[in-house]
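Novice: Below is the file upload21.txt, with compact mmCIF, C-alpha atoms.
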```txt
# COMPACT_ATOMS: atom_id res chain seq x y z
CA MET I 1474 169.68 -20.10 54.74
CA ASP I 1475 171.54 -17.02 56.00
CA TRP I 1476 175.28 -17.69 55.60
CA VAL I 1477 177.96 -15.50 57.15
CA THR I 1478 181.73 -15.33 56.74
CA LEU I 1479 184.04 -14.80 59.70
CA ASN I 1480 187.67 -13.74 59.74
CA VAL I 1481 188.97 -14.95 63.10
CA GLY I 1482 192.59 -13.90 63.55
CA GLY I 1483 193.19 -14.30 59.82
CA VAL I 1484 191.46 -17.71 59.52
CA ILE I 1485 188.30 -17.70 57.38
CA TYR I 1486 185.20 -19.60 58.49
CA LYS I 1487 181.81 -19.90 56.80
CA THR I 1488 178.76 -20.84 58.83
CA THR I 1489 175.11 -19.90 59.27
CA ARG I 1490 173.63 -17.18 61.45
CA LEU I 1491 171.45 -19.88 63.06
CA THR I 1492 174.53 -21.87 64.13
CA LEU I 1493 176.01 -18.80 65.82
CA THR I 1494 172.83 -17.81 67.66
CA ASN I 1495 170.78 -20.92 68.39
CA ARG I 1496 172.67 -23.01 70.95
CA GLU I 1497 173.71 -20.25 73.37
CA PRO I 1498 171.46 -17.22 72.80
CA ALA I 1499 173.06 -15.24 75.67
CA SER I 1500 176.60 -15.56 74.27
CA MET I 1501 178.62 -12.77 72.68
CA LEU I 1502 178.48 -14.51 69.29
CA ALA I 1503 174.69 -14.78 69.45
CA ARG I 1504 174.44 -11.08 70.29
CA MET I 1505 176.82 -10.18 67.47
CA PHE I 1506 174.69 -11.94 64.88
CA SER I 1507 171.22 -11.45 66.31
CA THR I 1508 168.65 -10.52 63.67
CA ASP I 1509 166.96 -8.11 66.11
CA GLN I 1510 169.73 -5.92 67.53
CA PRO I 1511 173.13 -7.21 66.37
CA ILE I 1512 176.29 -5.78 67.90
CA PRO I 1513 177.98 -3.60 65.26
CA SER I 1514 181.02 -5.44 63.86
CA VAL I 1515 183.94 -4.39 61.67
CA ARG I 1516 184.40 -6.25 58.37
CA ASP I 1517 187.49 -6.90 56.28
CA GLU I 1518 187.93 -5.90 52.63
CA HIS I 1519 186.00 -9.01 51.53
CA GLY I 1520 183.04 -8.41 53.83
CA ALA I 1521 183.97 -11.05 56.44
CA TYR I 1522 183.25 -10.20 60.06
CA LEU I 1523 186.51 -9.53 61.89
CA ILE I 1524 187.14 -11.14 65.29
CA ASP I 1525 190.52 -10.57 66.90
CA ARG I 1526 190.97 -14.00 68.49
CA ASP I 1527 192.92 -17.20 67.82
CA GLY I 1528 191.56 -18.64 64.58
CA GLY I 1529 192.77 -22.15 65.34
CA TYR I 1530 190.79 -22.47 68.54
CA PHE I 1531 187.66 -21.11 66.89
CA ARG I 1532 187.21 -24.45 65.11
CA ALA I 1533 186.40 -26.08 68.48
CA ILE I 1534 184.00 -23.23 69.26
CA LEU I 1535 182.20 -23.64 65.95
CA ASN I 1536 182.01 -27.44 66.26
CA TYR I 1537 180.43 -27.05 69.70
CA LEU I 1538 177.86 -24.60 68.34
CA ARG I 1539 177.05 -27.03 65.53
CA HIS I 1540 176.94 -30.33 67.45
CA GLY I 1541 176.86 -29.52 71.15
CA LYS I 1542 180.00 -31.64 71.61
CA LEU I 1543 183.71 -31.10 72.22
CA VAL I 1544 185.51 -31.99 69.01
CA GLY I 1545 189.23 -31.59 68.37
CA ASP I 1546 192.65 -32.27 69.87
CA GLN I 1547 193.61 -28.73 70.90
CA SER I 1548 194.72 -27.65 74.36
CA ILE I 1549 191.73 -27.67 76.68
CA THR I 1550 193.18 -24.65 78.47
CA GLY I 1551 193.10 -22.65 75.27
CA ILE I 1552 189.55 -23.77 74.45
CA ILE I 1553 188.40 -22.74 77.93
CA GLU I 1554 189.84 -19.25 77.47
CA GLU I 1555 188.12 -18.87 74.10
CA ALA I 1556 184.81 -20.16 75.50
CA LYS I 1557 185.04 -17.61 78.31
CA PHE I 1558 185.70 -14.79 75.81
CA TYR I 1559 182.68 -15.74 73.68
CA GLY I 1560 180.46 -16.18 76.75
CA LEU I 1561 179.70 -19.85 76.06
CA GLN I 1562 178.70 -20.98 79.56
CA GLY I 1563 177.15 -24.21 78.29
CA MET I 1564 180.46 -25.16 76.67
CA LEU I 1565 182.31 -24.45 79.91
CA ASP I 1566 179.83 -26.63 81.80
CA LEU I 1567 180.34 -29.42 79.25
CA ILE I 1568 184.12 -29.20 79.66
CA ASP I 1569 183.72 -29.47 83.44
CA MET I 1570 181.55 -32.57 83.03
CA GLU I 1571 183.99 -34.23 80.65
CA GLU I 1572 186.91 -33.57 83.00
CA THR I 1573 185.14 -34.95 86.08
CA LYS I 1574 182.79 -37.65 84.77
CA ASP I 1575 185.08 -40.48 85.89
CA THR I 1576 186.07 -38.79 89.14
CA SER I 1577 184.75 -39.91 92.52
CA LEU I 1578 185.56 -38.51 95.94
CA THR I 1579 185.45 -39.68 99.55
CA ARG I 1580 184.15 -37.72 102.53
CA ILE I 1581 187.74 -36.95 103.53
CA ASP I 1582 188.45 -35.69 99.99
CA VAL I 1583 185.45 -33.35 100.17
CA ILE I 1584 186.44 -32.01 103.60
CA THR I 1585 190.04 -31.48 102.41
CA LEU I 1586 188.90 -29.59 99.31
CA ILE I 1587 186.58 -27.37 101.34
CA ALA I 1588 189.22 -26.64 103.96
CA GLY I 1589 191.84 -25.80 101.34
CA ALA I 1590 189.69 -23.51 99.21
CA PRO I 1591 190.00 -19.72 99.69
CA SER I 1592 186.80 -18.21 101.08
CA SER I 1593 186.42 -16.12 97.91
CA ALA I 1594 186.86 -19.07 95.50
CA GLU I 1595 183.95 -20.91 93.87
CA LEU I 1596 184.22 -24.61 94.70
CA ARG I 1597 182.96 -26.65 91.76
CA PHE I 1598 181.91 -30.28 92.12
CA GLN I 1599 180.15 -30.13 88.80
CA GLY I 1600 179.34 -33.56 87.36
CA ILE I 1601 181.27 -35.43 90.08
CA ASP I 1602 180.07 -38.85 91.27
CA LEU I 1603 179.38 -38.72 95.02
CA THR I 1604 176.94 -41.63 95.10
CA GLY I 1605 176.13 -42.85 98.61
CA LEU I 1606 178.65 -40.55 100.29
CA ASN I 1607 178.18 -39.46 103.91
CA LEU I 1608 178.21 -35.66 103.78
CA SER I 1609 176.13 -35.16 106.91
CA LYS I 1610 176.69 -32.03 109.05
CA LEU I 1611 179.17 -30.53 106.57
CA ASP I 1612 179.31 -26.85 105.61
CA LEU I 1613 178.70 -27.09 101.86
CA ARG I 1614 177.61 -23.50 101.28
CA ASN I 1615 178.03 -21.96 97.81
CA ILE I 1616 179.32 -25.18 96.19
CA ASN I 1617 178.41 -25.83 92.55
CA PHE I 1618 176.96 -29.37 92.34
CA LYS I 1619 175.39 -28.90 88.90
CA TYR I 1620 174.92 -32.29 87.17
CA ALA I 1621 176.59 -34.08 90.12
CA CYS I 1622 175.45 -37.57 91.11
CA LEU I 1623 174.46 -37.53 94.80
CA ARG I 1624 172.18 -40.57 94.74
CA GLY I 1625 171.64 -42.02 98.17
CA CYS I 1626 173.92 -39.44 99.82
CA ASN I 1627 173.55 -38.67 103.51
CA LEU I 1628 173.20 -34.89 103.75
CA THR I 1629 171.49 -34.86 107.13
CA ASN I 1630 171.89 -31.45 108.83
CA ALA I 1631 174.24 -30.27 106.06
CA ASP I 1632 174.35 -26.57 105.19
CA LEU I 1633 173.66 -26.24 101.46
CA SER I 1634 172.85 -22.53 101.48
CA ASN I 1635 173.38 -20.85 98.08
CA CYS I 1636 174.44 -24.12 96.45
CA CYS I 1637 173.77 -24.89 92.80
CA LEU I 1638 171.99 -28.24 92.45
CA GLU I 1639 170.68 -27.74 88.92
CA ARG I 1640 170.03 -31.10 87.24
CA ALA I 1641 171.88 -32.91 90.03
CA ASP I 1642 170.72 -36.44 90.87
CA LEU I 1643 169.76 -36.80 94.56
CA GLN I 1644 167.36 -39.67 94.17
CA ASN I 1645 166.74 -41.40 97.53
CA ALA I 1646 169.18 -39.05 99.27
CA THR I 1647 168.68 -38.07 102.93
CA LEU I 1648 168.55 -34.34 103.64
CA ASP I 1649 166.69 -34.32 106.97
CA GLY I 1650 167.33 -31.04 108.78
CA ALA I 1651 169.37 -29.61 105.90
CA LYS I 1652 169.66 -25.86 105.37
CA LEU I 1653 168.59 -24.92 101.83
CA PRO I 1654 168.16 -21.11 101.63
CA CYS I 1655 168.71 -19.60 98.18
CA VAL I 1656 169.55 -22.98 96.64
CA LEU I 1657 169.36 -23.01 92.82
CA ALA I 1658 167.93 -26.43 92.03
CA ARG I 1659 166.00 -26.21 88.78
CA ASN I 1660 165.26 -29.68 87.37
CA VAL I 1661 167.00 -31.44 90.27
CA ASN I 1662 166.04 -35.10 90.82
CA LEU I 1663 164.95 -35.65 94.44
CA GLU I 1664 162.60 -38.54 93.84
CA GLY I 1665 162.14 -40.55 97.02
CA ALA I 1666 164.40 -38.24 99.03
CA SER I 1667 163.94 -37.79 102.78
CA MET I 1668 163.83 -34.05 103.50
CA LYS I 1669 162.08 -33.85 106.86
CA GLN I 1670 162.36 -30.54 108.73
CA CYS I 1671 164.44 -28.86 106.04
CA ASN I 1672 164.78 -25.08 106.17
CA PHE I 1673 164.45 -23.20 102.88
CA VAL I 1674 164.05 -19.74 104.46
CA ASP I 1675 166.56 -16.96 103.82
CA PRO I 1676 166.45 -14.28 106.57
CA ASN I 1677 167.47 -11.71 103.92
CA GLY I 1678 164.43 -12.42 101.76
CA GLY I 1679 165.97 -14.60 99.04
CA HIS I 1680 164.14 -17.61 97.63
CA ALA I 1681 165.25 -21.15 96.87
CA ASN I 1682 164.36 -22.15 93.29
CA PHE I 1683 163.26 -25.74 92.65
CA GLU I 1684 161.43 -25.03 89.40
CA GLY I 1685 160.82 -28.22 87.43
CA ALA I 1686 162.27 -30.38 90.23
CA ASN I 1687 161.32 -34.05 90.54
CA LEU I 1688 160.16 -34.52 94.15
CA LYS I 1689 157.94 -37.50 93.47
CA GLY I 1690 157.44 -39.47 96.67
CA ALA I 1691 159.79 -37.22 98.67
CA ASN I 1692 159.17 -36.61 102.38
CA LEU I 1693 159.31 -32.93 103.40
CA GLU I 1694 157.23 -33.24 106.57
CA GLY I 1695 157.72 -30.38 109.00
CA SER I 1696 159.82 -28.27 106.63
CA SER I 1697 159.93 -24.45 106.57
CA MET I 1698 159.31 -23.59 102.93
CA GLU I 1699 158.24 -19.92 102.89
CA GLY I 1700 158.67 -18.36 99.46
CA LEU I 1701 159.99 -21.56 97.87
CA ILE I 1702 159.68 -21.69 94.06
CA LEU I 1703 158.17 -25.02 92.91
CA ARG I 1704 156.78 -23.99 89.53
CA ALA I 1705 156.09 -27.00 87.31
CA ALA I 1706 157.65 -29.36 89.88
CA ASN I 1707 156.57 -33.01 90.14
CA LEU I 1708 155.20 -33.47 93.69
CA LYS I 1709 153.15 -36.59 93.08
CA HIS I 1710 152.66 -38.52 96.35
CA THR I 1711 154.96 -36.07 98.18
CA ASN I 1712 154.60 -35.77 101.96
CA LEU I 1713 154.08 -32.09 102.82
CA ARG I 1714 152.45 -32.64 106.20
CA HIS I 1715 152.80 -29.87 108.82
CA CYS I 1716 154.93 -27.66 106.56
CA ILE I 1717 155.03 -23.86 106.62
CA MET I 1718 154.30 -23.05 102.97
CA THR I 1719 153.49 -19.35 103.12
CA GLY I 1720 154.00 -17.73 99.70
CA VAL I 1721 155.16 -20.93 97.99
CA ASN I 1722 154.87 -20.76 94.18
CA MET I 1723 153.41 -24.06 92.95
CA ALA I 1724 152.03 -22.81 89.64
CA ALA I 1725 151.59 -25.69 87.16
CA ALA I 1726 153.03 -28.19 89.66
CA ASN I 1727 151.84 -31.80 89.71
CA CYS I 1728 150.48 -32.23 93.26
CA GLU I 1729 148.53 -35.41 92.58
CA ALA I 1730 147.93 -37.33 95.83
CA CYS I 1731 150.14 -34.83 97.72
CA ASP I 1732 149.54 -34.79 101.49
CA PHE I 1733 149.17 -31.24 102.86
CA THR I 1734 147.74 -32.28 106.24
CA GLY I 1735 148.24 -29.59 108.89
CA SER I 1736 150.24 -27.27 106.62
CA ASN I 1737 150.02 -23.48 106.39
CA LEU I 1738 149.03 -22.68 102.80
CA HIS I 1739 148.68 -18.91 103.20
CA ASN I 1740 149.26 -17.04 99.92
CA ILE I 1741 150.49 -20.05 97.95
CA ASN I 1742 150.26 -19.81 94.17
CA ILE I 1743 148.45 -22.86 92.76
CA ARG I 1744 147.50 -21.53 89.35
CA GLY I 1745 147.33 -24.48 86.96
CA ALA I 1746 148.47 -27.01 89.59
CA ASN I 1747 147.14 -30.57 89.51
CA LEU I 1748 145.53 -31.25 92.91
CA ASP I 1749 143.77 -34.52 92.07
CA GLU I 1750 143.44 -36.69 95.19
CA ALA I 1751 145.48 -34.23 97.25
CA VAL I 1752 144.97 -34.60 101.03
CA LEU I 1753 144.01 -31.28 102.63
CA ASN I 1754 143.07 -32.26 106.19
CA GLU I 1755 143.44 -29.64 108.95
CA VAL I 1756 145.29 -27.15 106.76
CA ILE I 1757 145.77 -23.80 108.51
CA THR I 1758 144.71 -21.76 105.46
CA PRO I 1759 141.97 -23.42 103.37
CA LEU I 1760 143.05 -23.97 99.79
CA HIS I 1761 140.16 -21.95 98.39
CA MET I 1762 141.62 -18.93 100.22
CA ALA I 1763 145.11 -19.46 98.81
CA GLN I 1764 146.45 -16.91 96.37
CA ILE I 1765 145.85 -17.87 92.76
CA ILE I 1766 147.83 -15.41 90.68
```
Mind turning this structure into structure tokens?

Specialist:
Amino acid sequence: MDWVTLNVGGVIYKTTRLTLTNREPASMLARMFSTDQPIPSVRDEHGAYLIDRDGGYFRAILNYLRHGKLVGDQSITGIIEEAKFYGLQGMLDLIDMEETKDTSLTRIDVITLIAGAPSSAELRFQGIDLTGLNLSKLDLRNINFKYACLRGCNLTNADLSNCCLERADLQNATLDGAKLPCVLARNVNLEGASMKQCNFVDPNGGHANFEGANLKGANLEGSSMEGLILRAANLKHTNLRHCIMTGVNMAAANCEACDFTGSNLHNINIRGANLDEAVLNEVITPLHMAQII
């Protein structure tokens, strides 16, 4: 095992290279101790790697890298600043979840927060419980809903452009007529959701990303989905009737028993997709002419 010694603001720590690089490979620490192209680092007289930061707070950083949990009784403000310095986005996300996991909001609360936020500020509802809330017709653009619980929410005609819905739970939610251009929704749970006549199209050419999403049994009938990314998504029994699906990427998606009746399938990518029992009546572009790339 490859052990390394760190001198963080005069406090000595011993850990492994794997601990520093494995959990968050894009972080500054991972890049410092990468076996491929490590960032050159100054060492002290004993050979320990020097880092000019608060040594006390580094214990929380190291515990997170070891266990994936927040351990310690130090100031959360200080830990946040250290996590930002080291580029530990996963740790920052975990802190957000811990701070908001018991928080729930009303529709009025949401409207008040949106109205009071500066236009340049990122509004973060990360990990917040919004179960069953009526958010219909609201301007929710650019909000971070990562890990949020939106089960059964009414988002009819809401504008969710550029939102982050990664790993959010929208099971059985209603999004009929919602605007979804450039939404980042990898691994979102939309099982059983009603999404009729949704618009995923960005006039500037961007693409909504629903890679790995669970859309089992969802209803997207009549939606405009040009360029939508659905790689490896679960679309079993999904209603895709009369949709515009030009250029949709469905590589490796599970489309078992999916209903494509009357849809435009021009240039879709279906490489590796499961199309068992899929319904392909009256499609505008026959599936055998779709792009398989």

Novice: Taking all listed atoms of range 1536-1552 of chain I, build the axis-aligned box, pad each of the six sides by 3 Å, then write its centre and edge lengths in Å to one decimal as JSON.

Specialist:
```
{"center_x": 185.8, "center_y": -27.5, "center_z": 72.0, "size_x": 23.9, "size_y": 15.6, "size_z": 18.9}
```

Novice: In file coordinates, which residues lie within 12 Å of (170.3, -21.4, 60.5) using all atoms listed in the file, given as a list in words?

Specialist: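 In the file's frame, the residues around the point are Met1474, Asp1475, Trp1476, Val1477, Thr1488, Thr1489, Arg1490, Leu1491, Thr1492, Leu1493, Thr1494, Asn1495, Arg1496, Ala1503, Phe1506, Ser1507, Thr1508, Leu1538 and Arg1539 of chain I.
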
Novice: Given the selection you just returned, output its residues as a file containing C-alpha atoms, formatted as a short mmCIF file (atom, residue, chain, number, x, y, z; two decimals), keeping the file's coordinate frame.

Specialist:
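Everything below was put into part_28.cif:
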```
data_model
loop_
_atom_site.label_atom_id
_atom_site.label_comp_id
_atom_site.auth_asym_id
_atom_site.auth_seq_id
_atom_site.Cartn_x
_atom_site.Cartn_y
_atom_site.Cartn_z
CA MET I 1474 169.68 -20.10 54.74
CA ASP I 1475 171.54 -17.02 56.00
CA TRP I 1476 175.28 -17.69 55.60
CA VAL I 1477 177.96 -15.50 57.15
CA THR I 1488 178.76 -20.84 58.83
CA THR I 1489 175.11 -19.90 59.27
CA ARG I 1490 173.63 -17.18 61.45
CA LEU I 1491 171.45 -19.88 63.06
CA THR I 1492 174.53 -21.87 64.13
CA LEU I 1493 176.01 -18.80 65.82
CA THR I 1494 172.83 -17.81 67.66
CA ASN I 1495 170.78 -20.92 68.39
CA ARG I 1496 172.67 -23.01 70.95
CA ALA I 1503 174.69 -14.78 69.45
CA PHE I 1506 174.69 -11.94 64.88
CA SER I 1507 171.22 -11.45 66.31
CA THR I 1508 168.65 -10.52 63.67
CA LEU I 1538 177.86 -24.60 68.34
CA ARG I 1539 177.05 -27.03 65.53
#
```

Novice: If we count all atoms listed in the file, what is near range 1729-1746 of chain I at a cut-off of 12 Å, once residues fewer than 6 positions away on the same chain are taken out, given as a PyMOL selection string?

Specialist: chain I and resi 1688-1723+1752-1766

Novice: Give the answer as one residue: which of I:Leu1578, I:Leu1543, I:Cys1622, I:Leu1613 has the shortest atom-to-atom distance to Gln1599 in chain I, using all atoms listed in the file?

Specialist: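 Going through I:Leu1578, I:Leu1543, I:Cys1622, I:Leu1613 one by one, the smallest distance to Gln1599 in chain I is for I:Cys1622.
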
Novice: Could you check how far CA of Gly1600 in chain I sits from CA of Leu1638 in chain I, in Å to one decimal?

Specialist: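 CA of Leu1638 in chain I lies at a distance of 10.4 Å from CA of Gly1600 in chain I.
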
Novice: Figure out the distance between CA of Asn1617 in chain I and CA of Ala1666 in chain I, please, to one decimal in Å.

Specialist: 19.8 Å

Novice: Which residue is closest to Ala1725 in chain I? Choose from I:Asp1566, I:Glu1664, I:Glu1684, I:Asp1642 and count only C-alpha atoms.

Specialist: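 Of the candidates, the smallest distance to Ala1725 in chain I is held by I:Glu1684.
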
Novice: I'd like to know which of I:Gln1547, I:Asn1662, I:Asn1536, I:Ser1514 is closest to Tyr1620 in chain I, using only C-alpha atoms.

Specialist: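 Once distances to Tyr1620 in chain I are computed over only C-alpha atoms, the minimum belongs to I:Asn1662.
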
Novice: Between CA of Thr1647 in chain I and CA of Ala1588 in chain I, what distance in Å does the model show, to one decimal?

Specialist: 23.5 Å

Novice: Nearest to Arg1516 in chain I: which of I:Val1481, I:Ala1658, I:Ala1499, I:Leu1633 is it, counting all atoms listed in the file?

Specialist: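 Counting all atoms listed in the file, the residue closest to Arg1516 in chain I is I:Val1481.
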
Novice: For each of I:Ala1521, I:Ile1512, I:Leu1657, I:Leu1567, take the minimum atom-to-atom distance to Tyr1537 in chain I, counting only C-alpha atoms, then give the residue where this is smallest.

Specialist: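 Smallest distance to Tyr1537 in chain I is found for I:Leu1567.
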
Novice: Can you list, as a ChimeraX atom specification, every protein, DNA or RNA residue that comes within 7 Å of Asn1607 in chain I when you count only C-alpha atoms, leaving out same-chain residues fewer than 5 positions away?

Specialist: /I:1580,1626-1628

Novice: Considering all atoms listed in the file, state which residue in the set I:Ile1549, I:Leu1479, I:Cys1671, I:Cys1728 is at the smallest distance from Leu1502 in chain I.

Specialist: I:Leu1479

Novice: Saving range 1615-1688 of chain I with C-alpha atoms, as a compact mmCIF listing (two decimals), in the first residue's frame, what would that file be?

Specialist:
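File written: decode01.txt
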```txt
# COMPACT_ATOMS: atom_id res chain seq x y z
CA ASN I 1615 -31.75 27.42 -12.99
CA ILE I 1616 -32.70 26.01 -9.57
CA ASN I 1617 -30.59 23.16 -8.17
CA PHE I 1618 -32.98 20.36 -7.12
CA LYS I 1619 -30.29 17.68 -6.88
CA TYR I 1620 -31.41 14.85 -4.53
CA ALA I 1621 -34.65 16.75 -3.74
CA CYS I 1622 -37.85 14.81 -3.05
CA LEU I 1623 -40.56 16.03 -5.46
CA ARG I 1624 -42.76 12.95 -5.33
CA GLY I 1625 -46.28 13.66 -6.48
CA CYS I 1626 -45.53 17.35 -7.09
CA ASN I 1627 -47.69 19.36 -9.47
CA LEU I 1628 -45.28 21.00 -11.92
CA THR I 1629 -47.83 21.54 -14.68
CA ASN I 1630 -46.67 24.29 -17.07
CA ALA I 1631 -43.69 25.10 -14.82
CA ASP I 1632 -40.51 26.45 -16.39
CA LEU I 1633 -37.64 24.18 -15.33
CA SER I 1634 -35.15 25.35 -17.97
CA ASN I 1635 -31.50 24.75 -16.96
CA CYS I 1636 -32.50 23.13 -13.67
CA CYS I 1637 -30.45 20.40 -12.02
CA LEU I 1638 -32.64 17.38 -11.24
CA GLU I 1639 -29.84 14.85 -10.81
CA ARG I 1640 -30.99 11.95 -8.62
CA ALA I 1641 -34.12 13.87 -7.61
CA ASP I 1642 -37.24 11.82 -6.85
CA LEU I 1643 -40.21 12.89 -9.02
CA GLN I 1644 -42.08 9.61 -8.91
CA ASN I 1645 -45.74 10.11 -9.93
CA ALA I 1646 -45.21 13.86 -10.34
CA THR I 1647 -47.21 15.85 -12.91
CA LEU I 1648 -45.16 17.86 -15.40
CA ASP I 1649 -47.68 18.26 -18.23
CA GLY I 1650 -46.68 21.19 -20.44
CA ALA I 1651 -43.47 21.83 -18.49
CA LYS I 1652 -40.48 23.52 -20.12
CA LEU I 1653 -37.36 21.36 -19.75
CA PRO I 1654 -34.62 22.73 -22.07
CA CYS I 1655 -31.05 22.04 -20.94
CA VAL I 1656 -32.21 20.26 -17.78
CA LEU I 1657 -29.49 18.14 -16.14
CA ALA I 1658 -31.38 15.10 -14.87
CA ARG I 1659 -29.02 12.14 -14.83
CA ASN I 1660 -30.45 9.26 -12.78
CA VAL I 1661 -33.63 11.18 -11.92
CA ASN I 1662 -36.61 9.07 -10.82
CA LEU I 1663 -39.68 9.91 -12.94
CA GLU I 1664 -41.42 6.57 -12.68
CA GLY I 1665 -45.13 6.94 -13.36
CA ALA I 1666 -44.81 10.68 -13.99
CA SER I 1667 -47.25 12.51 -16.29
CA MET I 1668 -45.19 14.55 -18.77
CA LYS I 1669 -47.61 15.13 -21.64
CA GLN I 1670 -46.66 17.85 -24.14
CA CYS I 1671 -43.41 18.72 -22.39
CA ASN I 1672 -40.88 20.80 -24.30
CA PHE I 1673 -37.23 19.73 -24.07
CA VAL I 1674 -36.02 21.88 -26.99
CA ASP I 1675 -33.46 24.65 -26.49
CA PRO I 1676 -33.59 27.25 -29.31
CA ASN I 1677 -29.85 27.81 -28.82
CA GLY I 1678 -29.00 24.18 -29.54
CA GLY I 1679 -28.43 22.86 -26.01
CA HIS I 1680 -29.61 19.41 -24.96
CA ALA I 1681 -31.43 18.15 -21.88
CA ASN I 1682 -29.59 15.20 -20.30
CA PHE I 1683 -31.69 12.40 -18.78
CA GLU I 1684 -28.99 9.74 -18.94
CA GLY I 1685 -29.81 6.79 -16.69
CA ALA I 1686 -33.21 8.27 -15.77
CA ASN I 1687 -36.03 6.03 -14.55
CA LEU I 1688 -39.04 6.85 -16.76
```
